[in-house]
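K.L.:
This is the content of upload.cif (mmCIF, C-alpha atoms and all ligand atoms):
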data_entry
loop_
_atom_site.group_PDB
_atom_site.id
_atom_site.type_symbol
_atom_site.label_atom_id
_atom_site.label_comp_id
_atom_site.auth_asym_id
_atom_site.auth_seq_id
_atom_site.Cartn_x
_atom_site.Cartn_y
_atom_site.Cartn_z
ATOM 1 C CA MET A 55 125.471 203.448 149.726
ATOM 2 C CA LEU A 56 127.663 202.975 146.658
ATOM 3 C CA LEU A 57 126.678 201.670 143.247
ATOM 4 C CA GLN A 58 127.577 197.969 143.206
ATOM 5 C CA PRO A 59 129.083 196.223 140.172
ATOM 6 C CA PRO A 60 126.163 194.677 138.248
ATOM 7 C CA ILE A 61 125.859 191.096 136.957
ATOM 8 C CA GLN A 62 129.188 189.788 135.708
ATOM 9 C CA ASN A 63 129.800 187.365 132.808
ATOM 10 C CA ILE A 64 127.561 189.070 130.311
ATOM 11 C CA PRO A 65 126.704 186.589 127.548
ATOM 12 C CA ILE A 66 128.206 186.977 124.102
ATOM 13 C CA GLN A 67 125.565 185.690 121.698
ATOM 14 C CA GLU A 68 126.302 184.468 118.190
ATOM 15 C CA ILE A 69 124.225 185.880 115.356
ATOM 16 C CA SER A 70 124.444 183.535 112.415
ATOM 17 C CA VAL A 71 124.046 185.974 109.579
ATOM 18 C CA ASN A 72 126.209 184.388 106.875
ATOM 19 C CA LYS A 73 129.275 182.195 106.578
ATOM 20 C CA LYS A 74 131.688 184.940 105.588
ATOM 21 C CA VAL A 75 131.732 186.787 108.899
ATOM 22 C CA LYS A 76 131.365 185.589 112.477
ATOM 23 C CA LEU A 77 128.991 188.069 114.088
ATOM 24 C CA PHE A 78 128.323 188.293 117.837
ATOM 25 C CA MET A 79 126.522 190.580 120.272
ATOM 26 C CA LYS A 80 127.599 191.273 123.840
ATOM 27 C CA ARG A 81 124.408 191.653 125.836
ATOM 28 C CA GLU A 82 125.232 194.625 128.072
ATOM 29 C CA ASP A 83 121.483 195.294 127.955
ATOM 30 C CA LEU A 84 121.133 192.456 130.471
ATOM 31 C CA ILE A 85 123.426 193.863 133.181
ATOM 32 C CA HIS A 86 120.715 195.652 135.137
ATOM 33 C CA PRO A 87 116.944 195.837 134.626
ATOM 34 C CA GLN A 88 116.838 199.640 134.814
ATOM 35 C CA ILE A 89 120.381 200.865 134.197
ATOM 36 C CA SER A 90 121.301 198.794 131.201
ATOM 37 C CA GLY A 91 124.021 198.766 128.602
ATOM 38 C CA ASN A 92 126.699 201.418 128.615
ATOM 39 C CA LYS A 93 124.817 203.574 131.157
ATOM 40 C CA TYR A 94 125.825 201.596 134.207
ATOM 41 C CA TRP A 95 129.495 201.740 133.319
ATOM 42 C CA LYS A 96 129.472 205.388 132.316
ATOM 43 C CA LEU A 97 127.908 206.335 135.649
ATOM 44 C CA PHE A 98 129.779 203.868 137.864
ATOM 45 C CA PHE A 99 132.946 205.859 138.729
ATOM 46 C CA ASN A 100 131.203 209.224 138.471
ATOM 47 C CA ILE A 101 128.682 208.296 141.143
ATOM 48 C CA ASN A 102 130.924 206.271 143.450
ATOM 49 C CA GLN A 103 133.770 208.818 143.531
ATOM 50 C CA TYR A 104 131.245 211.523 144.358
ATOM 51 C CA LEU A 105 129.594 209.473 147.113
ATOM 52 C CA GLU A 106 132.967 208.532 148.605
ATOM 53 C CA LYS A 107 133.528 212.236 149.275
ATOM 54 C CA ASN A 108 130.507 212.065 151.613
ATOM 55 C CA PRO A 109 128.826 215.324 150.541
ATOM 56 C CA GLU A 110 126.511 216.715 153.219
ATOM 57 C CA ASN A 111 123.596 217.336 150.830
ATOM 58 C CA PRO A 112 124.243 214.965 147.951
ATOM 59 C CA SER A 113 122.311 215.231 144.718
ATOM 60 C CA ILE A 114 122.822 214.433 141.043
ATOM 61 C CA ILE A 115 121.894 216.799 138.236
ATOM 62 C CA THR A 116 121.995 215.931 134.570
ATOM 63 C CA PHE A 117 120.628 216.834 131.144
ATOM 64 C CA GLY A 118 118.615 215.074 128.485
ATOM 65 C CA GLY A 119 115.810 215.032 125.955
ATOM 66 C CA ALA A 120 112.305 213.797 126.643
ATOM 67 C CA PHE A 121 113.033 210.151 125.763
ATOM 68 C CA SER A 122 116.617 210.078 127.011
ATOM 69 C CA ASN A 123 118.042 206.726 128.098
ATOM 70 C CA HIS A 124 120.531 208.669 130.181
ATOM 71 C CA ILE A 125 117.813 210.550 132.122
ATOM 72 C CA SER A 126 116.076 207.246 132.754
ATOM 73 C CA ALA A 127 119.319 205.628 133.992
ATOM 74 C CA VAL A 128 120.350 208.538 136.237
ATOM 75 C CA SER A 129 116.932 208.570 137.890
ATOM 76 C CA ALA A 130 117.254 204.826 138.585
ATOM 77 C CA VAL A 131 120.763 205.292 139.996
ATOM 78 C CA GLY A 132 119.493 208.051 142.292
ATOM 79 C CA ASN A 133 116.745 205.753 143.519
ATOM 80 C CA LEU A 134 119.253 202.937 144.060
ATOM 81 C CA VAL A 135 121.842 204.959 146.022
ATOM 82 C CA LYS A 136 119.078 206.983 147.697
ATOM 83 C CA ILE A 137 120.021 210.494 146.692
ATOM 84 C CA PRO A 138 117.853 213.103 144.972
ATOM 85 C CA THR A 139 118.155 213.694 141.239
ATOM 86 C CA LEU A 140 117.266 216.652 139.041
ATOM 87 C CA GLY A 141 116.819 216.383 135.275
ATOM 88 C CA MET A 142 117.282 219.437 133.075
ATOM 89 C CA ILE A 143 114.950 218.468 130.250
ATOM 90 C CA ARG A 144 115.122 219.908 126.720
ATOM 91 C CA GLY A 145 111.834 221.507 125.638
ATOM 92 C CA GLU A 146 109.789 223.872 127.780
ATOM 93 C CA GLU A 147 106.627 222.644 126.028
ATOM 94 C CA LEU A 148 106.882 219.440 128.092
ATOM 95 C CA GLN A 149 106.250 221.331 131.318
ATOM 96 C CA ASN A 150 102.515 220.575 131.306
ATOM 97 C CA LYS A 151 102.482 217.286 129.440
ATOM 98 C CA TRP A 152 105.388 215.245 130.763
ATOM 99 C CA CYS A 153 102.869 212.809 132.314
ATOM 100 C CA ASN A 154 102.281 211.475 128.775
ATOM 101 C CA ASN A 155 105.936 210.585 128.357
ATOM 102 C CA PRO A 156 106.879 207.104 129.665
ATOM 103 C CA THR A 157 110.573 207.996 130.167
ATOM 104 C CA LEU A 158 109.729 211.035 132.306
ATOM 105 C CA VAL A 159 107.019 209.165 134.219
ATOM 106 C CA PHE A 160 109.560 206.448 135.049
ATOM 107 C CA ALA A 161 112.145 209.057 136.109
ATOM 108 C CA HIS A 162 109.544 210.797 138.269
ATOM 109 C CA GLN A 163 108.625 207.474 139.916
ATOM 110 C CA ASN A 164 112.312 207.158 140.794
ATOM 111 C CA GLY A 165 112.068 210.523 142.548
ATOM 112 C CA MET A 166 113.616 212.733 139.855
ATOM 113 C CA ASP A 167 112.637 216.400 139.780
ATOM 114 C CA PHE A 168 112.552 218.196 136.440
ATOM 115 C CA ARG A 169 113.311 221.627 135.103
ATOM 116 C CA PHE A 170 112.203 222.162 131.552
ATOM 117 C CA VAL A 171 114.415 224.485 129.550
ATOM 118 C CA THR A 172 114.076 225.979 126.082
ATOM 119 C CA ARG A 173 116.138 224.461 123.278
ATOM 120 C CA GLU A 174 118.229 227.632 123.198
ATOM 121 C CA GLU A 175 118.991 227.470 126.932
ATOM 122 C CA TYR A 176 119.687 223.756 126.623
ATOM 123 C CA ARG A 177 122.222 224.272 123.835
ATOM 124 C CA ASP A 178 124.351 226.580 126.018
ATOM 125 C CA LYS A 179 125.443 223.854 128.450
ATOM 126 C CA GLU A 180 128.321 225.914 129.806
ATOM 127 C CA LYS A 181 126.030 228.710 130.967
ATOM 128 C CA LEU A 182 123.492 226.234 132.314
ATOM 129 C CA THR A 183 126.194 224.328 134.220
ATOM 130 C CA GLN A 184 127.638 227.518 135.724
ATOM 131 C CA TYR A 185 124.185 228.489 136.924
ATOM 132 C CA LEU A 186 123.574 225.020 138.415
ATOM 133 C CA GLN A 187 126.959 225.019 140.162
ATOM 134 C CA LYS A 188 126.014 228.270 141.879
ATOM 135 C CA GLU A 189 122.541 227.120 142.865
ATOM 136 C CA PHE A 190 123.594 223.592 143.914
ATOM 137 C CA PRO A 191 127.254 223.864 144.982
ATOM 138 C CA GLU A 192 127.350 220.349 146.425
ATOM 139 C CA ALA A 193 125.631 218.545 143.553
ATOM 140 C CA LEU A 194 127.287 216.157 141.136
ATOM 141 C CA ILE A 195 126.621 217.603 137.692
ATOM 142 C CA VAL A 196 126.805 214.810 135.124
ATOM 143 C CA PRO A 197 127.162 216.011 131.517
ATOM 144 C CA GLU A 198 124.679 215.092 128.770
ATOM 145 C CA GLY A 199 124.904 211.379 127.967
ATOM 146 C CA GLY A 200 127.192 210.982 131.000
ATOM 147 C CA THR A 201 130.290 211.413 128.851
ATOM 148 C CA ASN A 202 133.459 212.493 130.654
ATOM 149 C CA GLU A 203 136.818 210.961 131.608
ATOM 150 C CA ASP A 204 135.359 208.867 134.447
ATOM 151 C CA ALA A 205 132.715 207.519 132.080
ATOM 152 C CA VAL A 206 135.367 206.532 129.548
ATOM 153 C CA ASN A 207 137.265 204.669 132.268
ATOM 154 C CA GLY A 208 134.073 202.925 133.379
ATOM 155 C CA VAL A 209 133.517 201.565 129.865
ATOM 156 C CA LYS A 210 136.681 199.475 130.399
ATOM 157 C CA MET A 211 134.381 197.048 132.279
ATOM 158 C CA MET A 212 132.648 196.212 128.986
ATOM 159 C CA LEU A 213 135.907 194.633 127.805
ATOM 160 C CA ASN A 214 137.492 191.425 129.097
ATOM 161 C CA ASP A 215 139.601 188.477 127.949
ATOM 162 C CA GLU A 216 136.751 187.208 125.766
ATOM 163 C CA THR A 217 136.396 190.506 123.871
ATOM 164 C CA LYS A 218 140.108 190.374 122.953
ATOM 165 C CA ASP A 219 139.231 187.513 120.651
ATOM 166 C CA PHE A 220 137.499 189.751 118.064
ATOM 167 C CA ASP A 221 138.865 191.671 115.063
ATOM 168 C CA TYR A 222 136.162 194.350 115.114
ATOM 169 C CA LEU A 223 134.386 195.963 118.075
ATOM 170 C CA CYS A 224 131.202 197.831 117.123
ATOM 171 C CA THR A 225 129.197 200.306 119.144
ATOM 172 C CA ALA A 226 126.525 202.933 118.572
ATOM 173 C CA VAL A 227 127.704 206.521 119.070
ATOM 174 C CA GLY A 228 125.807 209.442 120.583
ATOM 175 C CA THR A 229 128.040 211.710 122.655
ATOM 176 C CA GLY A 230 131.178 209.615 122.014
ATOM 177 C CA GLY A 231 131.978 208.399 125.539
ATOM 178 C CA THR A 232 131.268 204.735 124.918
ATOM 179 C CA ILE A 233 133.346 204.427 121.781
ATOM 180 C CA ALA A 234 136.160 206.404 123.436
ATOM 181 C CA GLY A 235 136.192 203.893 126.321
ATOM 182 C CA ILE A 236 136.098 200.844 124.048
ATOM 183 C CA LEU A 237 138.865 202.370 121.954
ATOM 184 C CA LYS A 238 141.027 203.346 124.928
ATOM 185 C CA PHE A 239 140.992 199.799 126.297
ATOM 186 C CA SER A 240 140.947 197.902 122.984
ATOM 187 C CA GLU A 241 143.890 195.854 121.712
ATOM 188 C CA ASP A 242 146.068 197.506 119.073
ATOM 189 C CA ASN A 243 145.196 194.818 116.527
ATOM 190 C CA GLN A 244 141.450 195.431 116.946
ATOM 191 C CA LYS A 245 139.471 197.920 114.902
ATOM 192 C CA VAL A 246 136.720 199.826 116.672
ATOM 193 C CA ILE A 247 133.768 200.976 114.572
ATOM 194 C CA GLY A 248 131.390 203.637 115.802
ATOM 195 C CA PHE A 249 127.922 203.804 114.283
ATOM 196 C CA LYS A 250 126.810 207.404 114.568
ATOM 197 C CA ALA A 251 123.180 207.822 115.629
ATOM 198 C CA VAL A 252 123.646 211.509 114.963
ATOM 199 C CA ASP A 253 125.499 212.816 111.944
ATOM 200 C CA ASP A 254 127.700 215.156 113.987
ATOM 201 C CA SER A 255 130.977 216.202 112.345
ATOM 202 C CA SER A 256 132.513 217.242 115.689
ATOM 203 C CA LEU A 257 132.365 213.677 117.066
ATOM 204 C CA GLU A 258 135.802 212.679 115.833
ATOM 205 C CA ASN A 259 137.438 215.562 117.712
ATOM 206 C CA LYS A 260 135.450 214.742 120.838
ATOM 207 C CA ILE A 261 136.811 211.186 120.693
ATOM 208 C CA PHE A 262 140.347 212.523 120.130
ATOM 209 C CA GLU A 263 139.998 214.494 123.366
ATOM 210 C CA LEU A 264 139.014 211.388 125.333
ATOM 211 C CA THR A 265 141.644 208.903 124.126
ATOM 212 C CA LEU A 266 144.933 208.877 122.257
ATOM 213 C CA LYS A 267 144.112 205.630 120.421
ATOM 214 C CA ARG A 268 143.287 205.987 116.723
ATOM 215 C CA ASN A 269 142.331 202.449 115.625
ATOM 216 C CA PHE A 270 138.749 203.437 114.836
ATOM 217 C CA ASP A 271 136.314 204.434 112.105
ATOM 218 C CA LEU A 272 133.047 206.323 112.326
ATOM 219 C CA ILE A 273 130.168 205.357 110.064
ATOM 220 C CA ASP A 274 126.980 207.371 109.693
ATOM 221 C CA SER A 275 124.043 205.205 110.664
ATOM 222 C CA SER A 276 121.554 207.959 111.433
ATOM 223 C CA PHE A 277 119.183 206.838 108.630
ATOM 224 C CA GLY A 278 117.900 210.327 107.890
ATOM 225 C CA GLY A 279 118.628 211.982 111.243
ATOM 226 C CA TYR A 280 118.866 211.479 114.993
ATOM 227 C CA GLY A 281 115.651 210.097 116.409
ATOM 228 C CA LYS A 282 114.006 209.675 112.993
ATOM 229 C CA ILE A 283 112.477 206.228 112.607
ATOM 230 C CA LYS A 284 111.916 204.887 109.112
ATOM 231 C CA ASP A 285 109.661 201.940 108.239
ATOM 232 C CA GLU A 286 112.737 199.979 107.151
ATOM 233 C CA ASN A 287 114.199 200.467 110.682
ATOM 234 C CA ILE A 288 111.046 199.060 112.283
ATOM 235 C CA ARG A 289 111.014 196.118 109.873
ATOM 236 C CA PHE A 290 114.661 195.366 110.647
ATOM 237 C CA ILE A 291 114.197 195.549 114.447
ATOM 238 C CA ASN A 292 111.130 193.303 114.426
ATOM 239 C CA ASP A 293 112.737 190.793 112.093
ATOM 240 C CA PHE A 294 115.939 190.775 114.170
ATOM 241 C CA LYS A 295 113.978 190.051 117.354
ATOM 242 C CA GLU A 296 112.078 187.221 115.703
ATOM 243 C CA ARG A 297 115.206 185.628 114.245
ATOM 244 C CA TYR A 298 117.688 186.058 117.089
ATOM 245 C CA GLY A 299 115.518 186.761 120.142
ATOM 246 C CA ILE A 300 117.338 190.032 120.817
ATOM 247 C CA PRO A 301 115.326 193.230 121.283
ATOM 248 C CA LEU A 302 116.784 196.419 119.781
ATOM 249 C CA GLU A 303 115.643 200.019 120.156
ATOM 250 C CA PRO A 304 115.166 202.372 117.206
ATOM 251 C CA ILE A 305 117.633 205.194 117.982
ATOM 252 C CA TYR A 306 120.980 203.487 118.581
ATOM 253 C CA THR A 307 121.259 199.687 118.568
ATOM 254 C CA GLY A 308 118.612 199.022 115.895
ATOM 255 C CA LYS A 309 120.253 201.382 113.421
ATOM 256 C CA MET A 310 123.728 200.078 114.285
ATOM 257 C CA MET A 311 122.774 196.451 113.611
ATOM 258 C CA GLN A 312 120.960 197.380 110.396
ATOM 259 C CA LYS A 313 124.123 199.140 109.189
ATOM 260 C CA VAL A 314 126.312 196.199 110.289
ATOM 261 C CA PHE A 315 124.146 193.878 108.171
ATOM 262 C CA GLU A 316 124.504 196.274 105.214
ATOM 263 C CA LEU A 317 128.288 196.342 105.661
ATOM 264 C CA ILE A 318 128.411 192.543 105.716
ATOM 265 C CA GLU A 319 126.437 192.484 102.447
ATOM 266 C CA GLU A 320 128.931 194.963 100.941
ATOM 267 C CA ASP A 321 131.896 192.775 102.050
ATOM 268 C CA TYR A 322 133.231 195.593 104.249
ATOM 269 C CA PHE A 323 134.608 193.018 106.693
ATOM 270 C CA PRO A 324 137.279 190.664 105.311
ATOM 271 C CA GLU A 325 136.280 186.997 105.115
ATOM 272 C CA ASN A 326 136.308 185.124 108.461
ATOM 273 C CA SER A 327 136.445 188.349 110.498
ATOM 274 C CA ARG A 328 135.192 188.069 114.032
ATOM 275 C CA VAL A 329 132.873 191.003 114.685
ATOM 276 C CA LEU A 330 131.532 191.904 118.128
ATOM 277 C CA CYS A 331 128.674 194.406 118.545
ATOM 278 C CA PHE A 332 127.930 195.823 121.995
ATOM 279 C CA HIS A 333 124.258 195.916 122.935
ATOM 280 C CA THR A 334 124.210 199.237 124.786
ATOM 281 C CA GLY A 335 120.672 198.860 126.133
ATOM 282 C CA GLY A 336 118.232 201.748 125.927
ATOM 283 C CA LEU A 337 115.250 199.444 125.527
ATOM 284 C CA GLN A 338 113.163 201.728 127.733
ATOM 285 C CA GLY A 339 112.905 203.990 124.649
ATOM 286 C CA ILE A 340 110.732 201.508 122.757
ATOM 287 C CA GLU A 341 107.584 202.468 124.673
ATOM 288 C CA GLY A 342 107.960 206.172 123.859
ATOM 289 C CA ALA A 343 108.816 205.409 120.234
ATOM 290 C CA ASN A 344 105.723 203.229 119.912
ATOM 291 C CA LEU A 345 103.518 206.016 121.276
ATOM 292 C CA LEU A 346 104.776 208.308 118.521
ATOM 293 C CA LEU A 347 104.411 205.589 115.867
ATOM 294 C CA GLN A 348 100.878 204.847 117.042
ATOM 295 C CA LYS A 349 99.911 208.520 116.597
ATOM 296 C CA GLN A 350 101.224 208.282 113.028
ATOM 297 C CA ASN A 351 99.224 205.062 112.424
ATOM 298 C CA ARG A 352 102.435 203.154 111.731
ATOM 299 C CA LYS A 353 103.636 199.665 112.469
ATOM 300 C CA LEU A 354 104.912 199.283 116.037
ATOM 301 C CA ILE A 355 108.150 197.847 117.429
ATOM 302 C CA ILE A 356 107.508 194.451 118.979
HETATM 303 C C1 LIG B 401 121.297 202.734 123.843
HETATM 304 C C2 LIG B 401 122.452 203.634 123.610
HETATM 305 N N1 LIG B 401 123.489 203.187 122.903
HETATM 306 C C3 LIG B 401 124.552 203.950 122.637
HETATM 307 C C4 LIG B 401 124.631 205.246 123.098
HETATM 308 C C5 LIG B 401 125.813 206.080 122.745
HETATM 309 O O1 LIG B 401 126.625 206.335 123.837
HETATM 310 P P1 LIG B 401 127.576 207.583 123.860
HETATM 311 O O2 LIG B 401 126.711 208.767 124.190
HETATM 312 O O3 LIG B 401 128.539 207.274 124.936
HETATM 313 O O4 LIG B 401 128.211 207.739 122.516
HETATM 314 C C6 LIG B 401 123.584 205.757 123.852
HETATM 315 C C7 LIG B 401 123.613 207.082 124.365
HETATM 316 O O5 LIG B 401 123.604 207.945 124.752
HETATM 317 C C8 LIG B 401 122.460 204.939 124.119
HETATM 318 O O6 LIG B 401 121.421 205.383 124.854
#
Could the structure of this file be written out as C-alpha cells, please?
P.N.:
Amino acid sequence: MLLQPPIQNIPIQEISVNKKVKLFMKREDLIHPQISGNKYWKLFFNINQYLEKNPENPSIITFGGAFSNHISAVSAVGNLVKIPTLGMIRGEELQNKWCNNPTLVFAHQNGMDFRFVTREEYRDKEKLTQYLQKEFPEALIVPEGGTNEDAVNGVKMMLNDETKDFDYLCTAVGTGGTIAGILKFSEDNQKVIGFKAVDDSSLENKIFELTLKRNFDLIDSSFGGYGKIKDENIRFINDFKERYGIPLEPIYTGKMMQKVFELIEEDYFPENSRVLCFHTGGLQGIEGANLLLQKQNRKLII
C-alpha cells in the first residue's frame, strides 16, 4: 500500500496584521491529522519509491529527539502503509521513562520500536547509519528530519499557482530540507526567507547542497536556543490563536510568526508586499511542551 496524496486545496488564510503588508498563512498543518505540514511531503517520495521496489521485509528506520515531529510522523506513516518502524531516539535516559512522553507514546501506539542512544552515539550519524545498514539491509533509513533529495522534491507539492502570487515565501528551518524545496521550486522573482529554529551556521551550506537557487535569506529566530521556550513565545502563540484562530507550536511555527511580526514592525518588507508563511504543522509537540511548562509552574500553550 502506497502513501496517498493528502487533502488538496490547502487554504491560504489572511492574517490582517497591518495595512502595510499583506500577510497570509498556508495551512499545511491541515493536510493530514497525524502527518501534518511539511512532514507528509518530505516523506512522500521517500516512502513510495521504497515501497515500489517491493522489499521482502520492509521497514523504516529514522532518528529523532524525544519530542520530534518527524518521529511522530514516521510512526504514523508506518501505521498507514502497514510496515514496521524503528526510531533511534536521542538520550539513553529515556529508556525507562518514555511512557511519560506523549510523542513517544503516540509513536509506540503506531507500532514504532525504539532504540535509545547516547547523545554522543546520536551525533555520529554516519557510524550509526552504517551499523543500521548492516543489521537491517532491507530497511529504508530516513535521515534526521527526513531531509534528503527526495524530500526536497516532495516539498514542491506545497507550491502551486496560488503561491506564485506572493513576493515572500516564509518557512521555519530545522534541517533545511523544507526551505531547500520551497527555494528550488520558487519563482525567480520571489524571495524565500528561512526562520532558523536552531542557530546553526552550517545551514546555509546544507541548503546550497540541496538546490542551486540563491534567492533566499536566513534569519535567526531561535529566541535563545533550539527548543527553549520563553514566556514571550507563549504569550505570542496564545494571542495569535485567539486573534486568528490558528494554533502554532513553540519550536518552529510560533517562533517564525513572532519573528515575522517583528520584521513587519521594523519595515523589513517593502510596503504592499505579499508575504506567505507556510504552516509546517508539528502541533503534536504542544502536549509535550505543556508538560515541561507545567513542571516549571509556567503559563501553558492553549
Ligand atoms: C513544525 C516544523 N516546521 C518546520 C520544520 C523544519 O523543517 P526542515 O527540517 O525541513 O528544515 C520542522 C522540522 O523538522 C518542523 O517539525
K.L.:
Once the PyMOL selection byres (((chain A and resi 232-238) around 6) and not hetatm) has been evaluated on this model, what residues remain selected, and can you format them as a CSV table (one decimal) with C-alpha atoms, keeping the file's coordinate frame?
P.N.:
chain,number,residue,atom,x,y,z
A,206,VAL,CA,135.4,206.5,129.5
A,209,VAL,CA,133.5,201.6,129.9
A,230,GLY,CA,131.2,209.6,122.0
A,231,GLY,CA,132.0,208.4,125.5
A,239,PHE,CA,141.0,199.8,126.3
A,240,SER,CA,140.9,197.9,123.0
A,261,ILE,CA,136.8,211.2,120.7
A,265,THR,CA,141.6,208.9,124.1
A,267,LYS,CA,144.1,205.6,120.4
K.L.:
For A:Gly336, which residue among A:Ser129, A:Ser90, A:Thr116, A:Asn102 is the nearest when counting only C-alpha atoms?
P.N.:
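Nearest to A:Gly336: A:Ser90.
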K.L.:
Set the cut-off to 8 Å, count all atoms listed in the file, and list whatever residues fall near ligand LIG 401 (chain B) as a PyMOL selection string.
P.N.:
chain A and resi 91-93+96+122-124+199-201+225-234+251+303+305-307+333-337
K.L.:
Just want the 8 Å neighbourhood of A:Asp167, counted on all atoms listed in the file, with same-chain residues fewer than 2 positions away dropped. Output as a PyMOL selection string.
P.N.:
chain A and resi 139-141+162+165+169
K.L.:
For the selection just defined, write its residues with C-alpha atoms to a file, as a CSV table (one decimal), keeping the file's coordinate frame.
P.N.:
chain,number,residue,atom,x,y,z
A,139,THR,CA,118.2,213.7,141.2
A,140,LEU,CA,117.3,216.7,139.0
A,141,GLY,CA,116.8,216.4,135.3
A,162,HIS,CA,109.5,210.8,138.3
A,165,GLY,CA,112.1,210.5,142.5
A,169,ARG,CA,113.3,221.6,135.1
K.L.:
Do you know which residues are at most 9 Å from A:Gly119 counting only C-alpha atoms, after dropping those on the same chain fewer than 4 positions away, and could you put them as a list in words?
P.N.:
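Answer for this query is Asn123, His124, Ile125, Met142, Ile143, Arg144 and Gly145 of chain A.
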K.L.:
Could you list as a PyMOL selection string every residue that has an atom within 6 Å of (130.7, 212.6, 150.0), using the file's coordinates and counting only C-alpha atoms?
P.N.:
chain A and resi 104-109
K.L.:
Let's have the selection written as a PDB file, keeping the file's coordinate frame, with C-alpha atoms.
P.N.:
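Result went into part.pdb, see below:
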ATOM      1  CA  TYR A 104     131.245 211.523 144.358  1.00  0.00           C
ATOM      2  CA  LEU A 105     129.594 209.473 147.113  1.00  0.00           C
ATOM      3  CA  GLU A 106     132.967 208.532 148.605  1.00  0.00           C
ATOM      4  CA  LYS A 107     133.528 212.236 149.275  1.00  0.00           C
ATOM      5  CA  ASN A 108     130.507 212.065 151.613  1.00  0.00           C
ATOM      6  CA  PRO A 109     128.826 215.324 150.541  1.00  0.00           C
TER       7      PRO A 109
END
K.L.:
Set the distance at 9 Å and use all atoms listed in the file: which residues neighbour stretch 278-290 of chain A once local chain neighbours fewer than 4 positions away are removed? I'd like the list as a list in words.
P.N.:
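Using all atoms listed in the file, the neighbours found are Lys250, Ala251, Val252, Asp253, Phe294, Lys295, Pro304, Ile305, Tyr306, Gly308, Lys309, Met311, Gln312, Ala343, Leu347, Arg352, Lys353, Leu354, Ile355 and Ile356 of chain A.
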K.L.:
Next, write the just-selected residues to a file, as a compact mmCIF listing (two decimals), in the frame of the given file, keeping C-alpha atoms as the atom set.
P.N.:
# COMPACT_ATOMS: atom_id res chain seq x y z
CA LYS A 250 126.81 207.40 114.57
CA ALA A 251 123.18 207.82 115.63
CA VAL A 252 123.65 211.51 114.96
CA ASP A 253 125.50 212.82 111.94
CA PHE A 294 115.94 190.78 114.17
CA LYS A 295 113.98 190.05 117.35
CA PRO A 304 115.17 202.37 117.21
CA ILE A 305 117.63 205.19 117.98
CA TYR A 306 120.98 203.49 118.58
CA GLY A 308 118.61 199.02 115.90
CA LYS A 309 120.25 201.38 113.42
CA MET A 311 122.77 196.45 113.61
CA GLN A 312 120.96 197.38 110.40
CA ALA A 343 108.82 205.41 120.23
CA LEU A 347 104.41 205.59 115.87
CA ARG A 352 102.44 203.15 111.73
CA LYS A 353 103.64 199.66 112.47
CA LEU A 354 104.91 199.28 116.04
CA ILE A 355 108.15 197.85 117.43
CA ILE A 356 107.51 194.45 118.98
K.L.:
How many Å separate atom CA of A:Ile318 from atom CA of A:Lys74?
P.N.:
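Pair atom CA of A:Ile318 / atom CA of A:Lys74 returns 8.3 Å.
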K.L.:
With the PyMOL selection byres (((chain A and resi 58) around 12) and not hetatm) as the selection, what would be picked from this file? Answer as a ChimeraX atom specification, please.
P.N.:
/A:55-57,59-62,85-86,89,94-95,97-99,101-102,131,134-135
K.L.:
Go ahead and dump the residues you just picked, C-alpha atoms, as a PDB file, in the coordinates of the input.
P.N.:
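Saved the output as part-v3.pdb:
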ATOM      1  CA  MET A  55     125.471 203.448 149.726  1.00  0.00           C
ATOM      2  CA  LEU A  56     127.663 202.975 146.658  1.00  0.00           C
ATOM      3  CA  LEU A  57     126.678 201.670 143.247  1.00  0.00           C
ATOM      4  CA  PRO A  59     129.083 196.223 140.172  1.00  0.00           C
ATOM      5  CA  PRO A  60     126.163 194.677 138.248  1.00  0.00           C
ATOM      6  CA  ILE A  61     125.859 191.096 136.957  1.00  0.00           C
ATOM      7  CA  GLN A  62     129.188 189.788 135.708  1.00  0.00           C
ATOM      8  CA  ILE A  85     123.426 193.863 133.181  1.00  0.00           C
ATOM      9  CA  HIS A  86     120.715 195.652 135.137  1.00  0.00           C
ATOM     10  CA  ILE A  89     120.381 200.865 134.197  1.00  0.00           C
ATOM     11  CA  TYR A  94     125.825 201.596 134.207  1.00  0.00           C
ATOM     12  CA  TRP A  95     129.495 201.740 133.319  1.00  0.00           C
ATOM     13  CA  LEU A  97     127.908 206.335 135.649  1.00  0.00           C
ATOM     14  CA  PHE A  98     129.779 203.868 137.864  1.00  0.00           C
ATOM     15  CA  PHE A  99     132.946 205.859 138.729  1.00  0.00           C
ATOM     16  CA  ILE A 101     128.682 208.296 141.143  1.00  0.00           C
ATOM     17  CA  ASN A 102     130.924 206.271 143.450  1.00  0.00           C
ATOM     18  CA  VAL A 131     120.763 205.292 139.996  1.00  0.00           C
ATOM     19  CA  LEU A 134     119.253 202.937 144.060  1.00  0.00           C
ATOM     20  CA  VAL A 135     121.842 204.959 146.022  1.00  0.00           C
TER      21      VAL A 135
END
K.L.:
So, counting only C-alpha atoms, which residue among A:Ile137, A:Val171, A:Leu186, A:Ile273 is closest to A:Val246?
P.N.:
A:Ile273
K.L.:
Could you tell me which of A:Ser70, A:Glu241, A:Met166, A:Val196 comes closest to A:Asp215 if we count all atoms listed in the file?
P.N.:
A:Glu241
K.L.:
So, counting all atoms listed in the file, which residue among A:Phe220, A:Phe190, A:Phe160, A:Trp152 is closest to A:Gln338?
P.N.:
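Result for the nearest residue to A:Gln338: A:Phe160.
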K.L.:
My list of candidates is A:Asn243, A:Phe315, A:Pro87, A:Asn202. Which is closest to A:Leu264 when distances are computed with only C-alpha atoms?
P.N.:
A:Asn202
K.L.:
Using only C-alpha atoms, which residues sit within 10 Å of A:Leu223 once same-chain residues fewer than 3 positions away are excluded, as a compact mmCIF listing (two decimals) with C-alpha atoms, in the frame of the given file?
P.N.:
# COMPACT_ATOMS: atom_id res chain seq x y z
CA PHE A 78 128.32 188.29 117.84
CA MET A 79 126.52 190.58 120.27
CA LEU A 213 135.91 194.63 127.80
CA THR A 217 136.40 190.51 123.87
CA LYS A 218 140.11 190.37 122.95
CA PHE A 220 137.50 189.75 118.06
CA ILE A 233 133.35 204.43 121.78
CA ILE A 236 136.10 200.84 124.05
CA LEU A 237 138.86 202.37 121.95
CA SER A 240 140.95 197.90 122.98
CA GLN A 244 141.45 195.43 116.95
CA LYS A 245 139.47 197.92 114.90
CA VAL A 246 136.72 199.83 116.67
CA ILE A 247 133.77 200.98 114.57
CA GLY A 248 131.39 203.64 115.80
CA PHE A 270 138.75 203.44 114.84
CA ARG A 328 135.19 188.07 114.03
CA VAL A 329 132.87 191.00 114.68
CA LEU A 330 131.53 191.90 118.13
CA CYS A 331 128.67 194.41 118.54
CA PHE A 332 127.93 195.82 122.00
